[in-house]
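Novice: One file: entry25.tsv (TSV, C-alpha atoms).
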chain	number	residue	atom	x	y	z
A	14	MET	CA	-20.56	16.91	-24.49
A	15	GLU	CA	-22.46	13.66	-24.43
A	16	LEU	CA	-23.84	12.56	-21.08
A	17	ASN	CA	-22.30	9.08	-21.16
A	18	GLU	CA	-18.87	10.46	-21.86
A	19	ALA	CA	-19.25	12.98	-19.04
A	20	LEU	CA	-20.33	10.26	-16.63
A	21	GLU	CA	-17.42	8.06	-17.64
A	22	ARG	CA	-15.03	10.88	-16.86
A	23	PHE	CA	-16.75	11.48	-13.55
A	24	ALA	CA	-16.63	7.81	-12.53
A	25	LEU	CA	-12.97	7.64	-13.49
A	26	ARG	CA	-12.18	10.63	-11.31
A	27	MET	CA	-14.11	9.26	-8.34
A	28	GLY	CA	-12.45	5.87	-8.71
A	29	ASP	CA	-8.95	7.26	-9.20
A	30	ASN	CA	-9.32	9.42	-6.09
A	31	THR	CA	-10.24	6.45	-3.92
A	32	LEU	CA	-7.71	4.14	-5.58
A	33	ILE	CA	-4.72	6.41	-5.15
A	34	LEU	CA	-5.65	7.56	-1.65
A	35	GLY	CA	-6.53	3.99	-0.70
A	36	HIS	CA	-3.09	2.87	-1.80
A	37	ARG	CA	-1.42	5.70	0.07
A	38	VAL	CA	-3.28	4.86	3.27
A	39	SER	CA	-2.44	1.17	2.85
A	40	GLU	CA	1.24	2.11	2.99
A	41	TRP	CA	0.75	2.61	6.75
A	42	CYS	CA	-0.16	-1.04	7.24
A	43	GLY	CA	2.27	-2.37	9.85
A	44	HIS	CA	3.84	1.06	10.40
A	45	SER	CA	1.24	3.10	12.30
A	46	PRO	CA	2.14	4.60	15.66
A	47	VAL	CA	-0.18	2.26	17.56
A	48	LEU	CA	-1.93	-1.01	16.77
A	49	GLU	CA	-5.42	0.49	16.96
A	50	GLU	CA	-4.59	3.20	14.41
A	51	ASP	CA	-2.92	0.63	12.20
A	52	ILE	CA	-6.07	-1.43	11.97
A	53	ALA	CA	-8.27	1.63	11.58
A	54	LEU	CA	-6.16	2.96	8.71
A	55	ALA	CA	-6.12	-0.43	7.02
A	56	ASN	CA	-9.92	-0.52	7.28
A	57	THR	CA	-10.13	2.92	5.70
A	58	ALA	CA	-7.81	1.84	2.90
A	59	LEU	CA	-9.94	-1.24	2.26
A	60	ASP	CA	-13.13	0.85	2.19
A	61	LEU	CA	-11.54	3.14	-0.38
A	62	ILE	CA	-10.35	0.25	-2.54
A	63	GLY	CA	-13.85	-1.23	-2.33
A	64	GLN	CA	-15.32	2.04	-3.58
A	65	THR	CA	-12.71	2.08	-6.33
A	66	GLN	CA	-13.92	-1.27	-7.59
A	67	LEU	CA	-17.40	0.16	-8.03
A	68	TRP	CA	-16.45	3.50	-9.58
A	69	LEU	CA	-13.84	2.09	-11.94
A	70	GLY	CA	-16.19	-0.77	-12.75
A	71	LEU	CA	-18.73	1.81	-13.86
A	72	ALA	CA	-16.09	3.77	-15.78
A	73	GLY	CA	-15.03	0.61	-17.62
A	74	GLU	CA	-18.63	-0.26	-18.39
A	75	LEU	CA	-19.26	3.22	-19.85
A	76	GLN	CA	-16.07	3.06	-21.92
A	77	GLY	CA	-17.58	-0.01	-23.50
A	78	ASN	CA	-14.36	-1.71	-24.56
A	79	GLY	CA	-14.45	-4.53	-22.06
A	80	LYS	CA	-12.01	-3.07	-19.53
A	81	SER	CA	-12.46	-4.15	-15.94
A	82	ALA	CA	-11.79	-2.08	-12.82
A	83	ASP	CA	-8.55	-4.06	-12.44
A	84	ASP	CA	-7.47	-3.19	-15.99
A	85	LEU	CA	-8.03	0.48	-15.27
A	86	ALA	CA	-6.24	0.34	-11.93
A	87	PHE	CA	-3.19	-1.62	-12.99
A	88	LEU	CA	-2.68	-1.04	-16.69
A	89	ARG	CA	-2.67	2.72	-17.03
A	90	ASP	CA	0.27	5.07	-16.73
A	91	ALA	CA	0.47	8.26	-14.70
A	92	TRP	CA	-0.88	10.60	-17.40
A	93	ASP	CA	-4.09	8.58	-17.66
A	94	PHE	CA	-4.96	9.01	-13.98
A	95	ARG	CA	-7.56	11.60	-13.01
A	96	ASN	CA	-7.20	11.72	-9.25
A	97	LEU	CA	-6.85	14.95	-7.28
A	98	LEU	CA	-3.23	15.86	-6.54
A	99	LEU	CA	-4.17	15.82	-2.84
A	100	THR	CA	-4.65	12.06	-2.92
A	101	GLU	CA	-1.25	11.23	-4.41
A	102	LEU	CA	0.87	13.30	-2.01
A	103	PRO	CA	3.21	11.24	0.15
A	104	ASN	CA	2.01	10.29	3.62
A	105	GLY	CA	4.62	12.29	5.48
A	106	ASP	CA	4.19	11.91	9.23
A	107	PHE	CA	1.06	10.44	10.82
A	108	GLY	CA	-0.37	13.90	11.46
A	109	ARG	CA	-0.06	14.88	7.82
A	110	THR	CA	-1.68	11.62	6.74
A	111	MET	CA	-4.64	12.29	9.03
A	112	MET	CA	-4.92	15.90	7.88
A	113	ARG	CA	-4.96	14.79	4.22
A	114	GLN	CA	-7.51	12.15	5.12
A	115	PHE	CA	-9.72	14.69	6.84
A	116	LEU	CA	-9.57	17.18	3.94
A	117	PHE	CA	-10.61	14.38	1.59
A	118	ASP	CA	-13.18	12.73	3.89
A	119	ALA	CA	-14.87	16.07	4.49
A	120	TRP	CA	-15.39	16.44	0.74
A	121	GLN	CA	-16.65	12.89	0.31
A	122	SER	CA	-18.99	13.21	3.29
A	123	ILE	CA	-20.67	16.15	1.57
A	124	LEU	CA	-20.63	14.92	-2.02
A	125	LEU	CA	-21.63	11.26	-1.58
A	126	PRO	CA	-25.00	11.79	0.17
A	127	ARG	CA	-25.91	14.14	-2.72
A	128	LEU	CA	-24.87	11.53	-5.26
A	129	ALA	CA	-26.98	8.95	-3.43
A	130	GLN	CA	-29.98	11.06	-4.56
A	131	SER	CA	-28.91	10.99	-8.21
A	132	PRO	CA	-31.55	9.95	-10.72
A	133	ASP	CA	-28.89	7.75	-12.32
A	134	ALA	CA	-29.36	4.47	-10.43
A	135	ARG	CA	-25.77	3.33	-10.96
A	136	VAL	CA	-24.37	6.48	-9.40
A	137	ALA	CA	-26.94	6.48	-6.60
A	138	GLU	CA	-26.24	2.87	-5.68
A	139	ILE	CA	-22.47	3.25	-5.44
A	140	ALA	CA	-22.81	6.52	-3.55
A	141	ALA	CA	-25.31	5.12	-1.03
A	142	LYS	CA	-22.83	2.44	-0.01
A	143	ALA	CA	-19.83	4.77	-0.03
A	144	ALA	CA	-21.64	7.54	1.88
A	145	LYS	CA	-21.94	5.38	5.01
A	146	GLU	CA	-18.23	4.63	4.93
A	147	ALA	CA	-17.35	8.28	4.33
A	148	ALA	CA	-19.53	9.36	7.26
A	149	TYR	CA	-17.46	7.17	9.56
A	150	HIS	CA	-14.16	8.14	7.96
A	151	VAL	CA	-14.75	11.85	8.45
A	152	GLU	CA	-15.83	11.38	12.05
A	153	ARG	CA	-12.64	9.51	12.77
A	154	SER	CA	-10.24	11.74	10.86
A	155	ALA	CA	-11.87	14.93	12.23
A	156	ASP	CA	-11.52	13.61	15.79
A	157	THR	CA	-7.86	12.85	15.21
A	158	VAL	CA	-7.21	16.26	13.66
A	159	VAL	CA	-8.81	17.91	16.69
A	160	GLY	CA	-7.02	15.59	19.11
A	161	LEU	CA	-3.60	16.30	17.63
A	162	GLY	CA	-4.19	19.96	16.76
A	163	ASP	CA	-5.52	20.73	20.23
A	164	GLY	CA	-3.02	18.35	21.83
A	165	THR	CA	0.50	19.09	22.92
A	166	GLU	CA	2.60	21.95	21.63
A	167	GLU	CA	4.54	19.43	19.55
A	168	SER	CA	1.50	17.77	17.97
A	169	HIS	CA	-0.07	21.17	17.33
A	170	GLY	CA	3.07	22.20	15.45
A	171	TYR	CA	2.97	19.09	13.30
A	172	MET	CA	-0.69	19.65	12.41
A	173	GLN	CA	-0.22	23.31	11.55
A	174	GLN	CA	2.69	22.31	9.31
A	175	ALA	CA	0.62	19.58	7.69
A	176	LEU	CA	-2.17	22.04	6.98
A	177	ALA	CA	0.26	24.53	5.45
A	178	TYR	CA	1.66	21.78	3.19
A	179	LEU	CA	-1.71	20.42	2.10
A	180	TRP	CA	-3.72	23.63	1.81
A	181	PRO	CA	-2.60	24.49	-1.76
A	182	TYR	CA	-4.01	21.12	-2.85
A	183	VAL	CA	-7.52	21.74	-1.51
A	184	GLY	CA	-8.64	24.19	-4.19
A	185	GLU	CA	-8.47	21.59	-6.98
A	186	ILE	CA	-11.45	19.79	-5.43
A	187	PHE	CA	-13.69	22.55	-6.82
A	188	ASP	CA	-12.23	22.74	-10.33
A	189	THR	CA	-14.79	21.80	-12.93
A	190	ASP	CA	-14.85	21.29	-16.68
A	191	GLU	CA	-17.41	20.66	-19.41
A	192	ALA	CA	-18.09	17.13	-18.11
A	193	ASP	CA	-19.07	18.48	-14.69
A	194	ASP	CA	-21.23	21.16	-16.29
A	195	CYS	CA	-22.92	18.56	-18.46
A	196	LEU	CA	-23.70	16.28	-15.50
A	197	ALA	CA	-24.96	19.19	-13.42
A	198	GLN	CA	-27.20	20.34	-16.24
A	199	ALA	CA	-28.64	16.84	-16.56
A	200	GLY	CA	-29.16	16.77	-12.79
A	201	VAL	CA	-27.05	13.61	-12.40
A	202	VAL	CA	-24.37	15.21	-10.22
A	203	PRO	CA	-24.66	18.49	-8.32
A	204	HIS	CA	-22.36	21.22	-9.57
A	205	PHE	CA	-19.40	21.31	-7.21
A	206	SER	CA	-19.64	25.08	-6.89
A	207	THR	CA	-22.92	24.59	-5.00
A	208	LEU	CA	-21.13	22.49	-2.35
A	209	LYS	CA	-18.16	24.75	-1.82
A	210	ASP	CA	-19.54	26.84	1.07
A	211	GLU	CA	-20.63	23.75	2.95
A	212	TYR	CA	-17.19	22.20	2.55
A	213	TYR	CA	-15.26	25.22	3.73
A	214	ALA	CA	-17.69	25.67	6.64
A	215	LEU	CA	-17.11	22.09	7.72
A	216	ILE	CA	-13.33	22.14	7.53
A	217	THR	CA	-13.15	25.60	9.13
A	218	ARG	CA	-15.24	24.37	12.06
A	219	VAL	CA	-13.04	21.32	12.63
A	220	LEU	CA	-9.74	23.16	12.09
A	221	THR	CA	-10.87	25.87	14.50
A	222	ASP	CA	-11.78	23.20	17.07
A	223	ALA	CA	-8.29	21.90	16.50
A	224	THR	CA	-6.96	25.39	17.40
A	225	LEU	CA	-5.27	25.60	13.99
A	226	ASP	CA	-4.98	28.74	11.91
A	227	VAL	CA	-6.89	28.25	8.68
A	228	PRO	CA	-4.76	29.53	5.78
A	229	GLN	CA	-6.41	32.33	3.83
A	230	ASP	CA	-4.34	31.91	0.66
A	231	ASP	CA	-6.44	30.53	-2.20
A	232	PHE	CA	-3.57	29.52	-4.47
A	233	ALA	CA	-4.24	26.00	-5.75
A	234	HIS	CA	-2.05	23.47	-7.53
A	235	ARG	CA	-3.89	21.90	-10.44
A	236	GLY	CA	-3.31	19.13	-12.93
A	237	GLY	CA	-4.55	15.97	-11.21
A	238	ARG	CA	-8.19	15.74	-12.16
A	239	ASP	CA	-7.41	16.66	-15.76
A	240	GLY	CA	-4.22	14.55	-15.81
A	241	MET	CA	-2.19	17.42	-17.24
A	242	ARG	CA	0.34	17.79	-14.47
A	243	HIS	CA	0.50	15.12	-11.81
A	244	THR	CA	3.13	15.48	-9.10
A	245	GLU	CA	6.30	13.42	-9.38
A	246	HIS	CA	4.93	11.27	-6.56
A	247	LEU	CA	2.25	9.52	-8.62
A	248	GLY	CA	4.71	7.68	-10.85
A	249	HIS	CA	6.58	6.34	-7.84
A	250	LEU	CA	3.33	5.20	-6.28
A	251	LEU	CA	2.34	3.37	-9.46
A	252	THR	CA	5.63	1.48	-9.63
A	253	GLN	CA	4.74	0.01	-6.25
A	254	MET	CA	1.06	-0.51	-6.88
A	255	GLN	CA	1.30	-1.93	-10.38
A	256	TRP	CA	4.55	-3.87	-10.39
A	257	LEU	CA	3.01	-7.30	-9.91
A	258	GLN	CA	0.57	-7.00	-12.81
A	259	ARG	CA	3.34	-5.60	-14.97
A	260	ALA	CA	5.92	-8.24	-14.03
A	261	TYR	CA	3.40	-11.09	-14.22
A	262	PRO	CA	0.68	-9.95	-16.63
A	263	GLY	CA	-2.70	-11.44	-15.82
A	264	ALA	CA	-1.50	-12.96	-12.52
A	265	ASN	CA	-4.46	-14.11	-10.52
A	266	TRP	CA	-5.09	-15.72	-7.13
B	11	MET	CA	2.62	11.38	33.28
B	12	SER	CA	2.54	8.14	31.38
B	13	ASN	CA	2.86	8.31	27.60
B	14	GLU	CA	0.60	5.30	27.20
B	15	TRP	CA	-3.07	5.71	26.41
B	16	PRO	CA	-5.30	4.14	29.05
B	17	LEU	CA	-6.51	0.59	28.58
B	18	TRP	CA	-10.19	-0.01	27.80
B	19	GLU	CA	-12.17	-3.21	28.08
B	20	ILE	CA	-14.48	-3.78	25.15
B	21	PHE	CA	-17.93	-5.35	25.23
B	22	ILE	CA	-19.89	-6.09	22.07
B	23	ARG	CA	-23.54	-7.02	21.65
B	24	GLY	CA	-23.71	-9.47	18.79
B	25	GLN	CA	-27.42	-9.23	18.06
B	26	HIS	CA	-30.47	-7.58	19.50
B	27	GLY	CA	-31.71	-9.37	22.58
B	28	MET	CA	-28.28	-10.81	23.45
B	29	SER	CA	-26.14	-9.40	26.20
B	30	HIS	CA	-22.89	-7.54	25.66
B	31	ARG	CA	-19.90	-9.87	25.82
B	32	HIS	CA	-16.34	-9.07	26.66
B	33	VAL	CA	-14.27	-9.41	23.48
B	34	GLY	CA	-10.90	-7.97	24.47
B	35	SER	CA	-9.15	-4.74	25.28
B	36	LEU	CA	-7.39	-1.88	23.53
B	37	HIS	CA	-5.74	1.47	24.11
B	38	ALA	CA	-7.37	4.83	23.36
B	39	PRO	CA	-7.04	8.42	24.57
B	40	ASP	CA	-10.71	8.76	25.55
B	41	ALA	CA	-14.03	6.92	25.56
B	42	GLU	CA	-15.10	8.20	22.16
B	43	MET	CA	-11.92	7.03	20.48
B	44	ALA	CA	-12.15	3.77	22.39
B	45	ILE	CA	-15.53	3.15	20.76
B	46	LYS	CA	-14.12	4.02	17.34
B	47	ASN	CA	-11.09	1.81	17.88
B	48	ALA	CA	-13.34	-1.01	19.09
B	49	ARG	CA	-15.40	-0.64	15.94
B	50	ASP	CA	-12.28	-0.95	13.83
B	51	VAL	CA	-10.56	-3.69	15.82
B	52	TYR	CA	-13.48	-5.89	16.87
B	53	THR	CA	-16.37	-5.44	14.44
B	54	ARG	CA	-14.63	-5.76	11.08
B	55	ARG	CA	-16.56	-8.90	10.26
B	56	ASN	CA	-19.97	-7.61	11.13
B	57	GLU	CA	-19.90	-8.91	14.68
B	58	GLY	CA	-21.85	-6.22	16.46
B	59	VAL	CA	-24.87	-4.01	16.89
B	60	SER	CA	-23.67	-2.20	20.01
B	61	ILE	CA	-20.39	-1.42	21.75
B	62	TRP	CA	-19.63	-0.72	25.40
B	63	VAL	CA	-16.24	0.48	26.53
B	64	VAL	CA	-15.10	0.59	30.15
B	65	LYS	CA	-11.80	1.91	31.41
B	66	ALA	CA	-9.97	-1.15	32.66
B	67	GLU	CA	-9.02	0.63	35.90
B	68	ASN	CA	-12.73	1.02	36.68
B	69	ILE	CA	-13.29	-2.70	36.78
B	70	ALA	CA	-12.99	-4.29	40.21
B	71	ALA	CA	-11.98	-7.91	39.95
B	72	SER	CA	-12.00	-10.85	42.30
B	73	ASP	CA	-8.63	-11.99	43.55
B	74	PRO	CA	-7.51	-15.25	41.90
B	75	GLY	CA	-6.08	-16.22	45.30
B	76	ASP	CA	-9.59	-16.24	46.75
B	77	LYS	CA	-10.70	-18.86	44.26
B	78	GLY	CA	-11.09	-21.54	46.91
B	79	PRO	CA	-13.36	-19.72	49.38
B	80	LEU	CA	-15.29	-18.01	46.57
B	81	PHE	CA	-16.08	-20.92	44.31
B	82	ASP	CA	-15.30	-24.25	45.87
B	83	PRO	CA	-18.28	-24.29	48.28
B	84	SER	CA	-20.71	-24.45	45.34
B	85	ASN	CA	-18.99	-27.57	43.97
B	86	SER	CA	-20.83	-29.95	46.28
B	87	LYS	CA	-24.27	-28.37	46.02
B	88	ILE	CA	-25.70	-30.34	43.18
B	89	TYR	CA	-29.25	-29.48	44.27
B	90	ARG	CA	-28.64	-26.00	42.88
B	91	HIS	CA	-28.64	-27.44	39.38
B	92	PRO	CA	-32.19	-27.99	38.19
B	93	THR	CA	-31.40	-31.41	36.77
B	94	PHE	CA	-33.95	-33.33	38.85
B	95	PHE	CA	-36.94	-32.18	36.87
B	96	ASP	CA	-38.40	-33.93	33.88
B	97	ILE	CA	-38.91	-31.28	31.27
B	98	PRO	CA	-41.89	-31.91	29.00
B	99	ASP	CA	-40.95	-32.24	25.32
B	100	GLU	CA	-43.34	-29.44	24.42
B	101	VAL	CA	-41.09	-26.96	26.23
B	102	GLY	CA	-38.41	-27.38	23.58
B	103	SER	CA	-34.81	-26.40	24.22
B	104	MET	CA	-34.07	-24.48	27.40
What would you get if you wrote out this structure as C-alpha cells?
Specialist:
Amino acid sequence: MELNEALERFALRMGDNTLILGHRVSEWCGHSPVLEEDIALANTALDLIGQTQLWLGLAGELQGNGKSADDLAFLRDAWDFRNLLLTELPNGDFGRTMMRQFLFDAWQSILLPRLAQSPDARVAEIAAKAAKEAAYHVERSADTVVGLGDGTEESHGYMQQALAYLWPYVGEIFDTDEADDCLAQAGVVPHFSTLKDEYYALITRVLTDATLDVPQDDFAHRGGRDGMRHTEHLGHLLTQMQWLQRAYPGANW
Amino acid sequence: MSNEWPLWEIFIRGQHGMSHRHVGSLHAPDAEMAIKNARDVYTRRNEGVSIWVVKAENIAASDPGDKGPLFDPSNSKIYRHPTFFDIPDEVGSM
C-alpha cells in the first residue's frame, strides 16, 4: 500500500472518531445534570470538533480532489464513515457518557503524544495541539469515573452497567489493517499493538480506583473503523448532524 | 445530608505579576473538581494563568449592616489620598 493512501485512511479515521464523538457529546448541551458539567462537556465537544477540522482537513488534502473538512463531515453517508463503533453509541445516562469518554480519552492520551513525535510534520503538528486537549479530557473523565464508581451504591451500579455495555466496543481500538502496518513500517505512526499494554494498564488502574470490576471478556464488536458494519445509531446521528447541509446545500454563515 | 455540591468561590490570575481576582462562584464536589470546573467555566477565552478555589463557607465576610461604622469614617480623611504631591513627569504613570 502506498504511504499517502495509508495516511489518508488514518487521518480519516482520526477525524471521524473526533467528529462523531464530538457530536455525541454536544447532544448534552443544555441537558447535563449540572451547569458546570454542561459547560465542561460542551468544551470537550468543541475541542473534538476542532481536532476534526484538522484531521479531516488533512484527509481531504491527501485525497487531492478538493474536498474540505466540511465536505467530508457533512456530505458522506454512514458507510463512508471510519469512526470506532464506541464513538457512535448513544449517550445513555450521564455515567455512561462519561465512561465512554474516559475509554476514548485514555486511548487518545496515549496515542497523541506519540503522534506528536511523528516525522510527518502534518501529523505531528495536529497531534501536538490535540495532545494537550486530550491530557485534560482524560484527567477530567477519569476523575468523574472514579467519583461516580466509588460514589454511592446507586452511582456505582450505573457505572458498572455502563462499563458492561461499553466493554465489547473497546477491543476495536486495537484492530489494524494494511494501512496501519504501512504507516508503522514507515515510522509515521506507531503500531497500535505496541500501545495496547499501556492502554489496558491505564484503564485498569482508573477502573480499579473506581471500585469497578474490569470485565475479562475480550469479545469485540467490529465494523466501525473499516466501515463494514456500523451500528444502527450512526445513521440516526447523521440525520441530525447533516440535515442543514442537506436541506440547504452550501448554506453558510 | 444536602444533595447539593458545596459552593466554591473562584479566583483567577490573569497574567503573571497580577493578583488573583474574584471572578464568580460554582458548585463542585471537591477542590480538585472545583479547579477543573473553574477552568471550564471561567477560562474558556484564555483568561488565566492560575486558579484559586476557596469553599464559600470558609470566607468570613463583613456585615453589610456595619457599612457605616466600617467605611464612613474614612470619607472625610482626604489627607489619606496622596493627591497633594506634584509627581514629576519622569515618573510616568502611577
Novice: Could you put an axis-aligned box around every listed atom of stretch 85-89 of chain B, padded by 6 Å on each side, and send me its centre and edge lengths in Å to one decimal, as JSON?
Specialist:
{"center_x": -24.1, "center_y": -29.0, "center_z": 44.7, "size_x": 22.3, "size_y": 14.8, "size_z": 15.1}
Novice: Give me, as a count of residues only, the residues of chain B touching chain A, with the criterion being at most 10 Å (counting all atoms listed in the file).
Specialist: 16
Novice: Please provide the set of residues having any atom within 9 Å of A:Ala155, restricted to all atoms listed in the file, with same-chain residues fewer than 2 positions apart removed, written as a ChimeraX atom specification.
Specialist: /A:111-112,114-116,118-119,150-153,157-160,216,219-220,223
Novice: Any idea what's packed within 9 Å of A:His243, counting only C-alpha atoms, ignoring anything in its chain fewer than 3 positions away? Could you give it as a list in words?
Specialist: Ala91, Trp92, Phe94, Arg95, Asn96, Leu97, Leu98, Glu101, Arg235, Gly236, Gly237, Arg238, Asp239, Gly240, His246, Leu247 and Gly248 of chain A
Novice: From the list B:Ile69, B:Leu80, B:Val59, B:Ile45, which residue is nearest B:Arg23 when using only C-alpha atoms?
Specialist: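 Closest to B:Arg23, using only C-alpha atoms: B:Val59.
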Novice: What separation in Å, quoted to one decimal, exists between atom CA of A:Phe187 and atom CA of A:Leu20?
Specialist: 17.1 Å
Novice: Using only C-alpha atoms, which protein or nucleic acid residues come within 12 Å of A:Gln130? Drop anything in the same chain fewer than 6 positions from it, and give the result as a list in words.
Specialist: Leu124, Val136, Ala137, Glu138, Ile139, Ala140, Ala141, Ala144, Gly200, Val201, Val202 and Pro203 of chain A
Novice: Please report the interatomic distance between atom CA of A:Asn30 and atom CA of A:Ile123 in Å with one decimal.
Specialist: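 A separation of 15.3 Å between them.
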Novice: For the atom pair atom CA of A:Glu167 and atom CA of A:Gly105, what is the interatomic distance in Å to one decimal place?
Specialist: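 Separation of atom CA of A:Glu167 and atom CA of A:Gly105: 15.8 Å.
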Novice: Identify which of the residues B:Gln25, B:Ser35, B:Ser86, B:Gly78 lies closest to B:Ala66, counting all atoms listed in the file when measuring atom-to-atom distances.
Specialist: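 Residue with the minimum atom-to-atom distance to B:Ala66: B:Ser35.
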Novice: Of the candidates A:Gly170, A:Gly35, A:Gly43, A:Gly77, which one gets nearest to A:Leu225 if we count only C-alpha atoms?
Specialist: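 Of A:Gly170, A:Gly35, A:Gly43, A:Gly77, the one nearest A:Leu225 is A:Gly170, counting only C-alpha atoms.
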Novice: Nearest residue to A:Leu85 out of A:Glu21, A:Asp133, A:Asp29, A:Glu185, using only C-alpha atoms?
Specialist: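 Checking each candidate against A:Leu85, we get A:Asp29 as the closest.
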Novice: Complete the atom set of stretch 190-209 of chain A to N, CA, C and O atoms and return it as a short mmCIF file (atom, residue, chain, number, x, y, z; two decimals), in the coordinates of the input.
Specialist:
data_model
loop_
_atom_site.label_atom_id
_atom_site.label_comp_id
_atom_site.auth_asym_id
_atom_site.auth_seq_id
_atom_site.Cartn_x
_atom_site.Cartn_y
_atom_site.Cartn_z
N ASP A 190 -15.00 21.13 -15.23
CA ASP A 190 -14.85 21.29 -16.68
C ASP A 190 -16.18 21.00 -17.36
O ASP A 190 -17.22 20.90 -16.69
N GLU A 191 -16.14 20.81 -18.68
CA GLU A 191 -17.41 20.66 -19.41
C GLU A 191 -18.15 19.38 -19.01
O GLU A 191 -19.37 19.32 -19.08
N ALA A 192 -17.41 18.36 -18.54
CA ALA A 192 -18.09 17.13 -18.11
C ALA A 192 -18.92 17.40 -16.85
O ALA A 192 -20.07 16.94 -16.74
N ASP A 193 -18.34 18.15 -15.92
CA ASP A 193 -19.07 18.48 -14.69
C ASP A 193 -20.29 19.34 -14.99
O ASP A 193 -21.36 19.15 -14.41
N ASP A 194 -20.10 20.29 -15.91
CA ASP A 194 -21.23 21.16 -16.29
C ASP A 194 -22.35 20.33 -16.91
O ASP A 194 -23.53 20.53 -16.61
N CYS A 195 -21.95 19.40 -17.77
CA CYS A 195 -22.92 18.56 -18.46
C CYS A 195 -23.72 17.72 -17.47
O CYS A 195 -24.95 17.63 -17.55
N LEU A 196 -23.04 17.12 -16.50
CA LEU A 196 -23.70 16.28 -15.50
C LEU A 196 -24.60 17.11 -14.60
O LEU A 196 -25.67 16.66 -14.17
N ALA A 197 -24.15 18.32 -14.28
CA ALA A 197 -24.96 19.19 -13.42
C ALA A 197 -26.24 19.60 -14.15
O ALA A 197 -27.33 19.60 -13.58
N GLN A 198 -26.05 19.92 -15.44
CA GLN A 198 -27.20 20.34 -16.24
C GLN A 198 -28.24 19.22 -16.33
O GLN A 198 -29.44 19.47 -16.27
N ALA A 199 -27.74 17.99 -16.46
CA ALA A 199 -28.64 16.84 -16.56
C ALA A 199 -29.19 16.44 -15.20
O ALA A 199 -30.03 15.55 -15.09
N GLY A 200 -28.67 17.08 -14.14
CA GLY A 200 -29.16 16.77 -12.79
C GLY A 200 -28.62 15.47 -12.22
O GLY A 200 -29.11 14.97 -11.21
N VAL A 201 -27.60 14.90 -12.86
CA VAL A 201 -27.05 13.61 -12.40
C VAL A 201 -26.11 13.81 -11.22
O VAL A 201 -26.07 13.01 -10.30
N VAL A 202 -25.33 14.89 -11.28
CA VAL A 202 -24.37 15.21 -10.22
C VAL A 202 -24.51 16.69 -9.91
O VAL A 202 -24.58 17.50 -10.83
N PRO A 203 -24.56 17.06 -8.62
CA PRO A 203 -24.66 18.49 -8.32
C PRO A 203 -23.40 19.22 -8.79
O PRO A 203 -22.32 18.63 -8.78
N HIS A 204 -23.55 20.47 -9.19
CA HIS A 204 -22.36 21.22 -9.57
C HIS A 204 -21.54 21.48 -8.32
O HIS A 204 -22.08 21.89 -7.30
N PHE A 205 -20.24 21.21 -8.40
CA PHE A 205 -19.40 21.31 -7.21
C PHE A 205 -19.44 22.70 -6.58
O PHE A 205 -19.27 22.85 -5.37
N SER A 206 -19.64 23.71 -7.42
CA SER A 206 -19.64 25.08 -6.89
C SER A 206 -20.75 25.26 -5.85
O SER A 206 -20.62 26.08 -4.94
N THR A 207 -21.81 24.45 -5.96
CA THR A 207 -22.92 24.59 -5.00
C THR A 207 -22.59 23.94 -3.65
O THR A 207 -23.36 24.07 -2.71
N LEU A 208 -21.47 23.19 -3.59
CA LEU A 208 -21.13 22.49 -2.35
C LEU A 208 -19.94 23.14 -1.63
O LEU A 208 -19.55 22.73 -0.55
N LYS A 209 -19.40 24.16 -2.30
CA LYS A 209 -18.16 24.75 -1.82
C LYS A 209 -18.30 25.37 -0.43
O LYS A 209 -17.47 25.14 0.46
#
